[in-house]
>>> print(open('protein.tsv').read())   # TSV, C-alpha atoms
chain	number	residue	atom	x	y	z
A	525	MET	CA	17.23	-3.18	-50.68
A	526	LYS	CA	19.39	-0.07	-51.09
A	527	ARG	CA	18.16	3.22	-52.56
A	528	SER	CA	19.19	6.88	-52.42
A	529	ILE	CA	17.82	10.37	-53.00
A	530	THR	CA	19.41	13.79	-53.42
A	531	TYR	CA	18.56	16.68	-51.11
A	532	GLY	CA	20.30	19.89	-52.05
A	533	GLU	CA	23.92	18.90	-52.60
A	534	GLU	CA	23.76	15.87	-50.35
A	535	ARG	CA	23.07	12.31	-51.40
A	536	ILE	CA	21.14	10.38	-48.77
A	537	GLY	CA	21.34	6.60	-48.95
A	538	PHE	CA	18.81	4.37	-47.22
A	539	SER	CA	17.81	0.73	-47.00
A	540	ILE	CA	14.28	-0.63	-47.32
A	541	ASN	CA	13.05	-3.33	-45.00
A	542	TYR	CA	9.78	-4.89	-46.16
A	543	VAL	CA	7.66	-6.02	-43.23
A	544	PRO	CA	4.60	-8.28	-43.33
A	545	LYS	CA	1.06	-7.12	-42.73
A	546	PRO	CA	-0.64	-5.66	-40.70
A	547	ALA	CA	1.85	-2.82	-41.27
A	548	ARG	CA	-0.14	-0.07	-42.98
A	549	ARG	CA	2.35	2.76	-43.10
A	550	MET	CA	6.04	3.37	-43.61
A	551	ALA	CA	8.41	4.24	-40.79
A	552	ILE	CA	11.70	6.07	-41.39
A	553	HIS	CA	14.51	5.54	-38.90
A	554	VAL	CA	17.61	7.76	-38.82
A	555	HIS	CA	20.35	6.22	-36.68
A	556	PRO	CA	23.19	7.99	-34.85
A	557	ASP	CA	25.80	6.44	-37.15
A	558	GLY	CA	24.20	8.18	-40.14
A	559	SER	CA	22.40	5.19	-41.57
A	560	VAL	CA	18.76	5.49	-42.67
A	561	HIS	CA	16.32	2.58	-42.73
A	562	VAL	CA	12.74	2.47	-43.93
A	563	ASP	CA	10.22	-0.11	-42.72
A	564	ALA	CA	7.62	-0.51	-45.47
A	565	PRO	CA	4.57	-2.78	-45.86
A	566	ALA	CA	5.40	-5.92	-47.81
A	567	ASP	CA	3.22	-4.93	-50.76
A	568	SER	CA	4.83	-1.49	-51.18
A	569	ASP	CA	6.42	-0.56	-54.49
A	570	ALA	CA	10.05	0.61	-54.28
A	571	ASN	CA	9.21	3.82	-56.15
A	572	GLU	CA	6.46	4.51	-53.64
A	573	VAL	CA	8.97	4.16	-50.80
A	574	VAL	CA	11.40	6.51	-52.53
A	575	GLY	CA	8.59	9.04	-52.93
A	576	VAL	CA	7.84	8.96	-49.20
A	577	VAL	CA	11.53	9.43	-48.39
A	578	ARG	CA	11.70	12.40	-50.78
A	579	ARG	CA	8.79	14.05	-48.98
A	580	ARG	CA	10.57	13.56	-45.65
A	581	ALA	CA	14.00	14.55	-47.03
A	582	ARG	CA	14.31	17.75	-45.03
A	583	TRP	CA	13.45	16.00	-41.76
A	584	ILE	CA	15.99	13.25	-42.53
A	585	TRP	CA	18.65	15.79	-43.45
A	586	LEU	CA	18.09	17.73	-40.22
A	587	ARG	CA	18.42	14.56	-38.14
A	588	LEU	CA	21.63	13.60	-39.95
A	589	ARG	CA	23.04	17.09	-39.40
A	590	GLU	CA	22.11	16.93	-35.71
A	591	TYR	CA	23.92	13.60	-35.26
A	592	ARG	CA	27.02	14.87	-37.09
A	593	GLU	CA	27.13	17.95	-34.88
A	594	ARG	CA	26.96	15.81	-31.77
A	595	THR	CA	29.69	13.48	-33.06
A	596	ARG	CA	31.98	16.42	-33.83
A	597	HIS	CA	32.17	17.24	-30.12
A	598	VAL	CA	32.77	13.66	-28.95
A	599	MET	CA	36.46	12.92	-28.58
A	600	PRO	CA	37.69	9.35	-29.16
A	601	ARG	CA	38.67	7.46	-26.02
A	602	GLU	CA	42.34	6.92	-25.21
A	603	TYR	CA	41.76	4.66	-22.18
A	604	VAL	CA	44.04	6.56	-19.83
A	605	SER	CA	43.59	7.76	-16.26
A	606	GLY	CA	41.36	10.81	-15.94
A	607	GLU	CA	38.87	9.96	-18.65
A	608	SER	CA	35.23	9.58	-17.70
A	609	HIS	CA	33.24	6.50	-18.66
A	610	PHE	CA	29.55	5.76	-18.25
A	611	TYR	CA	27.86	2.98	-16.32
A	612	LEU	CA	24.07	2.92	-15.87
A	613	GLY	CA	23.84	6.58	-16.81
A	614	LYS	CA	26.50	7.90	-14.43
A	615	ARG	CA	30.00	9.09	-15.23
A	616	TYR	CA	32.95	7.46	-13.50
A	617	ALA	CA	36.58	8.56	-13.62
A	618	LEU	CA	38.94	5.97	-15.10
A	619	LYS	CA	42.01	5.01	-13.08
A	620	VAL	CA	44.56	2.80	-14.84
A	621	ILE	CA	47.02	1.02	-12.53
A	622	TYR	CA	49.98	-0.69	-14.19
A	623	HIS	CA	51.79	-3.56	-12.51
A	624	PRO	CA	53.76	-6.20	-14.44
A	625	THR	CA	52.77	-9.13	-12.21
A	626	ALA	CA	49.54	-8.16	-10.41
A	627	PRO	CA	46.20	-9.83	-11.32
A	628	GLN	CA	44.37	-7.96	-14.07
A	629	GLY	CA	40.79	-6.79	-13.79
A	630	VAL	CA	38.30	-3.97	-13.36
A	631	LYS	CA	36.53	-2.79	-10.22
A	632	LEU	CA	34.06	-0.01	-9.50
A	633	LEU	CA	35.46	1.60	-6.37
A	634	ARG	CA	34.68	4.87	-4.62
A	635	GLY	CA	33.14	6.52	-7.65
A	636	ARG	CA	35.75	5.47	-10.17
A	637	LEU	CA	36.49	2.62	-12.57
A	638	GLU	CA	39.80	1.09	-11.57
A	639	VAL	CA	41.62	-1.00	-14.17
A	640	ARG	CA	44.63	-3.07	-13.14
A	641	THR	CA	46.74	-4.17	-16.07
A	642	ARG	CA	50.11	-5.76	-16.83
A	643	SER	CA	50.41	-3.86	-20.11
A	644	ARG	CA	50.72	-0.16	-20.85
A	645	ASP	CA	49.01	-0.69	-24.20
A	646	SER	CA	45.69	1.21	-24.25
A	647	SER	CA	44.11	-1.55	-26.34
A	648	LYS	CA	44.67	-3.95	-23.43
A	649	VAL	CA	43.01	-1.50	-21.07
A	650	ARG	CA	40.06	-1.26	-23.45
A	651	ALA	CA	39.80	-5.05	-23.70
A	652	LEU	CA	39.67	-5.37	-19.91
A	653	LEU	CA	37.05	-2.64	-19.66
A	654	ASP	CA	34.96	-4.13	-22.47
A	655	GLY	CA	35.02	-7.48	-20.71
A	656	TRP	CA	33.86	-5.86	-17.48
A	657	TYR	CA	31.03	-4.06	-19.25
A	658	ARG	CA	29.92	-7.31	-20.85
A	659	GLN	CA	29.86	-9.12	-17.51
A	660	ARG	CA	27.90	-6.30	-15.89
A	661	ALA	CA	25.54	-6.15	-18.89
A	662	GLU	CA	24.70	-9.84	-18.57
A	663	ASP	CA	23.86	-9.43	-14.90
A	664	VAL	CA	21.92	-6.15	-15.23
A	665	PHE	CA	19.99	-7.19	-18.35
A	666	THR	CA	19.01	-10.55	-16.85
A	667	ARG	CA	17.48	-8.83	-13.82
A	668	ARG	CA	15.84	-6.07	-15.87
A	669	LEU	CA	14.40	-8.54	-18.36
A	670	ALA	CA	12.85	-10.60	-15.55
A	671	ASP	CA	11.23	-7.47	-14.09
A	672	CYS	CA	9.89	-6.35	-17.47
A	673	VAL	CA	8.60	-9.79	-18.45
A	674	GLY	CA	6.58	-9.85	-15.23
A	675	GLN	CA	4.62	-6.85	-16.53
A	676	VAL	CA	3.78	-8.37	-19.94
A	677	ARG	CA	0.70	-10.52	-19.42
A	678	TRP	CA	0.42	-11.74	-23.01
A	679	LEU	CA	3.81	-13.47	-23.05
A	680	LYS	CA	3.41	-17.24	-23.12
A	681	ALA	CA	7.03	-18.01	-22.15
A	682	ASP	CA	10.07	-16.14	-20.89
A	683	PRO	CA	12.33	-15.24	-23.84
A	684	ASP	CA	16.01	-16.12	-23.90
A	685	LEU	CA	18.53	-13.30	-23.62
A	686	ARG	CA	21.70	-12.97	-25.66
A	687	LEU	CA	24.29	-10.19	-25.84
A	688	LEU	CA	25.26	-8.99	-29.30
A	689	THR	CA	27.53	-6.07	-30.13
A	690	MET	CA	25.78	-3.87	-32.70
A	691	LYS	CA	26.89	-0.65	-34.37
A	692	THR	CA	23.49	0.94	-34.97
A	693	GLN	CA	21.03	-0.79	-32.63
A	694	TRP	CA	20.56	-1.10	-28.90
A	695	GLY	CA	18.48	-4.23	-29.23
A	696	SER	CA	16.88	-6.68	-31.59
A	697	CYS	CA	14.60	-9.71	-31.65
A	698	SER	CA	15.71	-12.91	-33.39
A	699	PRO	CA	13.40	-15.14	-35.49
A	700	LYS	CA	13.74	-17.72	-32.70
A	701	GLY	CA	12.25	-15.30	-30.18
A	702	GLU	CA	15.51	-14.35	-28.45
A	703	ILE	CA	15.98	-10.87	-27.06
A	704	LEU	CA	19.33	-9.52	-28.30
A	705	LEU	CA	20.81	-6.58	-26.41
A	706	ASN	CA	23.91	-4.52	-27.13
A	707	PRO	CA	26.36	-4.73	-24.17
A	708	ALA	CA	27.00	-0.97	-24.57
A	709	LEU	CA	23.42	-0.37	-23.41
A	710	VAL	CA	24.57	-1.03	-19.84
A	711	LYS	CA	26.19	2.42	-19.97
A	712	ALA	CA	22.75	4.03	-20.26
A	713	PRO	CA	20.35	4.83	-17.38
A	714	GLY	CA	18.34	1.87	-16.13
A	715	TYR	CA	15.03	3.32	-17.32
A	716	CYS	CA	16.47	3.52	-20.86
A	717	VAL	CA	17.50	-0.13	-20.60
A	718	ASP	CA	13.91	-0.95	-19.67
A	719	TYR	CA	12.63	0.97	-22.69
A	720	VAL	CA	14.77	-1.11	-25.07
A	721	ILE	CA	13.68	-4.34	-23.39
A	722	PHE	CA	9.98	-3.45	-23.58
A	723	HIS	CA	10.46	-2.42	-27.22
A	724	GLU	CA	11.91	-5.80	-28.11
A	725	LEU	CA	9.33	-7.70	-26.05
A	726	CYS	CA	6.61	-6.00	-28.11
A	727	HIS	CA	8.34	-7.29	-31.25
A	728	LEU	CA	7.72	-10.83	-30.03
A	729	LYS	CA	4.06	-10.19	-30.75
A	730	GLU	CA	4.26	-7.53	-33.48
A	731	HIS	CA	7.30	-8.01	-35.72
A	732	ASN	CA	7.16	-4.52	-37.25
A	733	HIS	CA	6.53	-0.92	-36.26
A	734	SER	CA	2.84	-0.97	-37.03
A	735	GLU	CA	0.10	0.88	-35.17
A	736	ARG	CA	-0.58	-2.29	-33.21
A	737	PHE	CA	3.08	-2.41	-32.12
A	738	TYR	CA	2.98	1.14	-30.76
A	739	ARG	CA	-0.31	0.46	-28.97
A	740	LEU	CA	1.38	-2.44	-27.21
A	741	LEU	CA	4.35	-0.28	-26.26
A	742	ASP	CA	2.12	2.56	-25.06
A	743	GLY	CA	0.26	0.11	-22.84
A	744	LEU	CA	3.48	-1.04	-21.20
A	745	LEU	CA	5.45	2.19	-21.06
A	746	GLN	CA	3.56	5.45	-21.47
A	747	ASP	CA	6.68	7.64	-21.44
A	748	TRP	CA	8.66	5.50	-23.90
A	749	GLU	CA	9.15	8.43	-26.29
A	750	LYS	CA	10.89	10.46	-23.57
A	751	ARG	CA	13.17	7.55	-22.72
A	752	LYS	CA	13.94	6.93	-26.39
A	753	ALA	CA	14.81	10.61	-26.93
A	754	GLU	CA	17.23	10.55	-23.99
A	755	LEU	CA	18.87	7.36	-25.24
A	756	ASP	CA	19.21	8.79	-28.75
A	757	GLY	CA	20.87	11.88	-27.28
A	758	LEU	CA	23.43	9.74	-25.46
A	759	ALA	CA	24.19	7.41	-28.37
A	760	GLU	CA	27.39	9.08	-29.59
A	761	GLN	CA	28.89	9.26	-26.10
A	762	LEU	CA	27.98	5.72	-25.11
A	763	LEU	CA	28.89	4.00	-28.38
A	764	ASN	CA	32.12	5.97	-28.74
A	765	GLN	CA	33.72	4.42	-25.66
>>> encode(input="protein.tsv", output="structure tokens")
Amino acid sequence: MKRSITYGEERIGFSINYVPKPARRMAIHVHPDGSVHVDAPADSDANEVVGVVRRRARWIWLRLREYRERTRHVMPREYVSGESHFYLGKRYALKVIYHPTAPQGVKLLRGRLEVRTRSRDSSKVRALLDGWYRQRAEDVFTRRLADCVGQVRWLKADPDLRLLTMKTQWGSCSPKGEILLNPALVKAPGYCVDYVIFHELCHLKEHNHSERFYRLLDGLLQDWEKRKAELDGLAEQLLNQ
């Protein structure tokens, strides 16, 4: 459900996601792409939700302004030699090697990402790099998920993992109990990857951001807020590649 409020001269749009009990309070989420989502108990009235958002309008506006300021300083990628690209939280220099007949592919060599391509088109370089990231993500996430699952005693079965490109989320949990992870997350530090995995594992038991959900997360990862803050701060750089 879509709604909006006005704060000063700015109109702030947001979507309402009604979650089942035992959710007892509303949670407002401001994402790096400028979208705003509100998780509200299933029995909440829409006007009540709008009222809560109005009371938090200044906080929302400040977060939106912060994200816009960060985005303003992030230059779009051109996929040419000399650029830096992230992998597991570290920057690597990109080296594009053109050869009309050589095998195409990507390798991480001597502190740089080396892309061999038969085309000078930057979109082809990006496609090769995206494919490499996806392959690495599948390998890294599979290992990380296995490690995290081993620490969650209340899980009755190991969840399936699936990669899904998302514009505003690092991860999600499907109704079938699958853990969905954004391939771009492999650009973040490993401990941030673990945070997202633990977050989604908790959703297998608590399908909303209730107090019970956060108690579960606290029990598994006491410094999750620090990891989340670091990941939020990197969002524009990692998702802009």
>>> residues_near_point(input="protein.tsv", point="(41.9, 6.7, -18.4)", cutoff="7 Å", atoms="all atoms listed in the file", output="PyMOL selection string")
chain A and resi 602-607+618-620
>>> write_last_selection(input="protein.tsv", atoms="C-alpha atoms", output="PDB file, keeping the file's coordinate frame")
ATOM      1  CA  GLU A 602      42.340   6.920 -25.210  1.00  0.00           C
ATOM      2  CA  TYR A 603      41.760   4.660 -22.180  1.00  0.00           C
ATOM      3  CA  VAL A 604      44.040   6.560 -19.830  1.00  0.00           C
ATOM      4  CA  SER A 605      43.590   7.760 -16.260  1.00  0.00           C
ATOM      5  CA  GLY A 606      41.360  10.810 -15.940  1.00  0.00           C
ATOM      6  CA  GLU A 607      38.870   9.960 -18.650  1.00  0.00           C
ATOM      7  CA  LEU A 618      38.940   5.970 -15.100  1.00  0.00           C
ATOM      8  CA  LYS A 619      42.010   5.010 -13.080  1.00  0.00           C
ATOM      9  CA  VAL A 620      44.560   2.800 -14.840  1.00  0.00           C
TER      10      VAL A 620
END
>>> atom_distance(input="protein.tsv", atom1="CA of Gly714 in chain A", atom2="CA of Gly613 in chain A")
7.3 Å
>>> atom_distance(input="protein.tsv", atom1="CA of Arg634 in chain A", atom2="CA of Glu754 in chain A")
26.7 Å
>>> residues_around(input="protein.tsv", residues="Ile584 in chain A", least_positions_apart="5", cutoff="10 Å", atoms="all atoms listed in the file", output="MDAnalysis selection string")
chainID A and resid 531 536 552:554 558 560 577:579 589:590
>>> residues_around(input="protein.tsv", residues="Arg527 in chain A", least_positions_apart="3", cutoff="12 Å", atoms="only C-alpha atoms", output="ChimeraX atom specification")
/A:530,535-541,559-562,570-575,577-578
>>> residues_around(input="protein.tsv", residues="Arg658 in chain A", least_positions_apart="2", cutoff="9 Å", atoms="all atoms listed in the file", output="number ranges by chain")
A: 653-656, 660-663, 687, 707-708, 710
>>> closest_residue(input="protein.tsv", among="A:Val720, A:Leu632, A:Ala566, A:Ile529", to="Trp585 in chain A", atoms="all atoms listed in the file")
A:Ile529
>>> residues_around(input="protein.tsv", residues="Asp747 in chain A", least_positions_apart="3", cutoff="12 Å", atoms="all atoms listed in the file", output="list in words")
Tyr715, Cys716, Asp718, Tyr719, Phe722, Tyr738, Leu741, Asp742, Gly743, Leu744, Lys750, Arg751, Lys752, Ala753 and Glu754 of chain A
>>> closest_residue(input="protein.tsv", among="A:Ser734, A:Lys700, A:Arg650, A:Asp645", to="Pro544 in chain A", atoms="all atoms listed in the file")
A:Ser734
>>> axis_aligned_box(input="protein.tsv", around="range 565-583 of chain A", padding_each_side="4 Å", output="lines of an AutoDock Vina configuration file")
center_x = 8.8
center_y = 5.9
center_z = -49.0
size_x = 19.1
size_y = 31.7
size_z = 22.4
>>> atom_distance(input="protein.tsv", atom1="CA of Lys711 in chain A", atom2="CA of Trp694 in chain A")
11.1 Å
>>> closest_residue(input="protein.tsv", among="A:Gly701, A:Ile721, A:Arg668, A:Ala712", to="Arg615 in chain A", atoms="all atoms listed in the file")
A:Ala712
>>> closest_residue(input="protein.tsv", among="A:His555, A:Leu679, A:Ser647, A:Thr666", to="Leu588 in chain A", atoms="only C-alpha atoms")
A:His555
>>> closest_residue(input="protein.tsv", among="A:Glu533, A:Pro699, A:Val639, A:His733", to="Ala564 in chain A", atoms="all atoms listed in the file")
A:His733
>>> closest_residue(input="protein.tsv", among="A:Leu740, A:Glu638, A:Gly629, A:His731", to="Asp563 in chain A", atoms="only C-alpha atoms")
A:His731
>>> residues_around(input="protein.tsv", residues="Arg640 in chain A", least_positions_apart="6", cutoff="8 Å", atoms="all atoms listed in the file", output="short mmCIF file (atom, residue, chain, number, x, y, z; two decimals) with C-alpha atoms, keeping the file's coordinate frame")
data_model
loop_
_atom_site.label_atom_id
_atom_site.label_comp_id
_atom_site.auth_asym_id
_atom_site.auth_seq_id
_atom_site.Cartn_x
_atom_site.Cartn_y
_atom_site.Cartn_z
CA VAL A 620 44.56 2.80 -14.84
CA ILE A 621 47.02 1.02 -12.53
CA TYR A 622 49.98 -0.69 -14.19
CA HIS A 623 51.79 -3.56 -12.51
CA ALA A 626 49.54 -8.16 -10.41
CA PRO A 627 46.20 -9.83 -11.32
CA GLN A 628 44.37 -7.96 -14.07
CA GLY A 629 40.79 -6.79 -13.79
CA VAL A 630 38.30 -3.97 -13.36
#
>>> build_atoms(input="protein.tsv", residues="range 581-592 of chain A", atoms="all heavy atoms", output="compact mmCIF listing (two decimals), in the frame of the given file")
# COMPACT_ATOMS: atom_id res chain seq x y z
N ALA A 581 12.56 14.31 -46.84
CA ALA A 581 14.00 14.55 -47.03
C ALA A 581 14.54 15.60 -46.08
O ALA A 581 15.62 15.44 -45.50
CB ALA A 581 14.29 14.92 -48.47
N ARG A 582 13.80 16.69 -45.90
CA ARG A 582 14.31 17.75 -45.03
C ARG A 582 14.42 17.27 -43.60
O ARG A 582 15.41 17.52 -42.92
CB ARG A 582 13.41 18.99 -45.09
CG ARG A 582 13.85 20.10 -44.12
CD ARG A 582 13.11 21.40 -44.33
NE ARG A 582 13.42 22.35 -43.26
CZ ARG A 582 14.56 23.02 -43.18
NH1 ARG A 582 15.50 22.85 -44.09
NH2 ARG A 582 14.77 23.86 -42.19
N TRP A 583 13.41 16.54 -43.12
CA TRP A 583 13.45 16.00 -41.76
C TRP A 583 14.63 15.05 -41.60
O TRP A 583 15.35 15.10 -40.60
CB TRP A 583 12.14 15.26 -41.47
CG TRP A 583 12.14 14.58 -40.14
CD1 TRP A 583 11.89 15.14 -38.92
CD2 TRP A 583 12.43 13.19 -39.88
NE1 TRP A 583 11.99 14.18 -37.92
CE2 TRP A 583 12.32 12.98 -38.48
CE3 TRP A 583 12.74 12.11 -40.71
CZ2 TRP A 583 12.52 11.74 -37.90
CZ3 TRP A 583 12.94 10.87 -40.12
CH2 TRP A 583 12.84 10.69 -38.74
N ILE A 584 14.86 14.18 -42.59
CA ILE A 584 15.99 13.25 -42.53
C ILE A 584 17.31 14.01 -42.49
O ILE A 584 18.21 13.70 -41.69
CB ILE A 584 15.96 12.29 -43.74
CG1 ILE A 584 14.71 11.41 -43.70
CG2 ILE A 584 17.22 11.42 -43.77
CD1 ILE A 584 14.49 10.61 -44.97
N TRP A 585 17.42 15.01 -43.37
CA TRP A 585 18.65 15.79 -43.45
C TRP A 585 18.94 16.50 -42.14
O TRP A 585 20.09 16.55 -41.67
CB TRP A 585 18.53 16.80 -44.58
CG TRP A 585 19.74 17.68 -44.73
CD1 TRP A 585 20.93 17.38 -45.31
CD2 TRP A 585 19.85 19.04 -44.28
NE1 TRP A 585 21.79 18.45 -45.25
CE2 TRP A 585 21.15 19.49 -44.63
CE3 TRP A 585 18.98 19.91 -43.63
CZ2 TRP A 585 21.58 20.77 -44.33
CZ3 TRP A 585 19.43 21.19 -43.33
CH2 TRP A 585 20.72 21.61 -43.68
N LEU A 586 17.90 17.04 -41.49
CA LEU A 586 18.09 17.73 -40.22
C LEU A 586 18.55 16.76 -39.13
O LEU A 586 19.41 17.10 -38.31
CB LEU A 586 16.78 18.41 -39.79
CG LEU A 586 16.38 19.65 -40.59
CD1 LEU A 586 14.99 20.12 -40.18
CD2 LEU A 586 17.39 20.78 -40.40
N ARG A 587 17.98 15.55 -39.12
CA ARG A 587 18.42 14.56 -38.14
C ARG A 587 19.87 14.16 -38.38
O ARG A 587 20.66 14.02 -37.43
CB ARG A 587 17.52 13.32 -38.20
CG ARG A 587 16.09 13.53 -37.75
CD ARG A 587 16.01 14.01 -36.32
NE ARG A 587 16.61 13.09 -35.37
CZ ARG A 587 15.98 12.06 -34.81
NH1 ARG A 587 14.72 11.82 -35.14
NH2 ARG A 587 16.59 11.28 -33.95
N LEU A 588 20.25 13.96 -39.62
CA LEU A 588 21.63 13.60 -39.95
C LEU A 588 22.58 14.71 -39.52
O LEU A 588 23.66 14.45 -38.95
CB LEU A 588 21.77 13.33 -41.44
CG LEU A 588 21.11 12.04 -41.95
CD1 LEU A 588 21.15 12.00 -43.48
CD2 LEU A 588 21.80 10.80 -41.39
N ARG A 589 22.20 15.95 -39.77
CA ARG A 589 23.04 17.09 -39.40
C ARG A 589 23.18 17.17 -37.87
O ARG A 589 24.27 17.45 -37.35
CB ARG A 589 22.44 18.39 -39.93
CG ARG A 589 23.35 19.60 -39.72
CD ARG A 589 22.74 20.87 -40.29
NE ARG A 589 21.55 21.28 -39.54
CZ ARG A 589 20.91 22.43 -39.74
NH1 ARG A 589 21.34 23.25 -40.69
NH2 ARG A 589 19.85 22.74 -39.03
N GLU A 590 22.08 16.90 -37.18
CA GLU A 590 22.11 16.93 -35.71
C GLU A 590 23.07 15.87 -35.17
O GLU A 590 23.88 16.16 -34.28
CB GLU A 590 20.70 16.66 -35.19
CG GLU A 590 20.61 16.56 -33.68
CD GLU A 590 19.23 16.13 -33.22
OE1 GLU A 590 18.28 16.17 -34.04
OE2 GLU A 590 19.09 15.76 -32.04
N TYR A 591 23.02 14.66 -35.73
CA TYR A 591 23.92 13.60 -35.26
C TYR A 591 25.37 13.93 -35.57
O TYR A 591 26.27 13.67 -34.76
CB TYR A 591 23.54 12.27 -35.91
CG TYR A 591 22.28 11.65 -35.34
CD1 TYR A 591 21.34 11.06 -36.18
CD2 TYR A 591 22.05 11.62 -33.97
CE1 TYR A 591 20.18 10.48 -35.67
CE2 TYR A 591 20.90 11.04 -33.45
CZ TYR A 591 19.97 10.48 -34.30
OH TYR A 591 18.83 9.91 -33.79
N ARG A 592 25.64 14.51 -36.74
CA ARG A 592 27.02 14.87 -37.09
C ARG A 592 27.56 15.94 -36.15
O ARG A 592 28.72 15.91 -35.76
CB ARG A 592 27.06 15.38 -38.53
CG ARG A 592 26.88 14.28 -39.58
CD ARG A 592 26.75 14.88 -40.95
NE ARG A 592 26.31 13.89 -41.93
CZ ARG A 592 25.56 14.16 -42.98
NH1 ARG A 592 25.14 15.41 -43.18
NH2 ARG A 592 25.20 13.22 -43.83
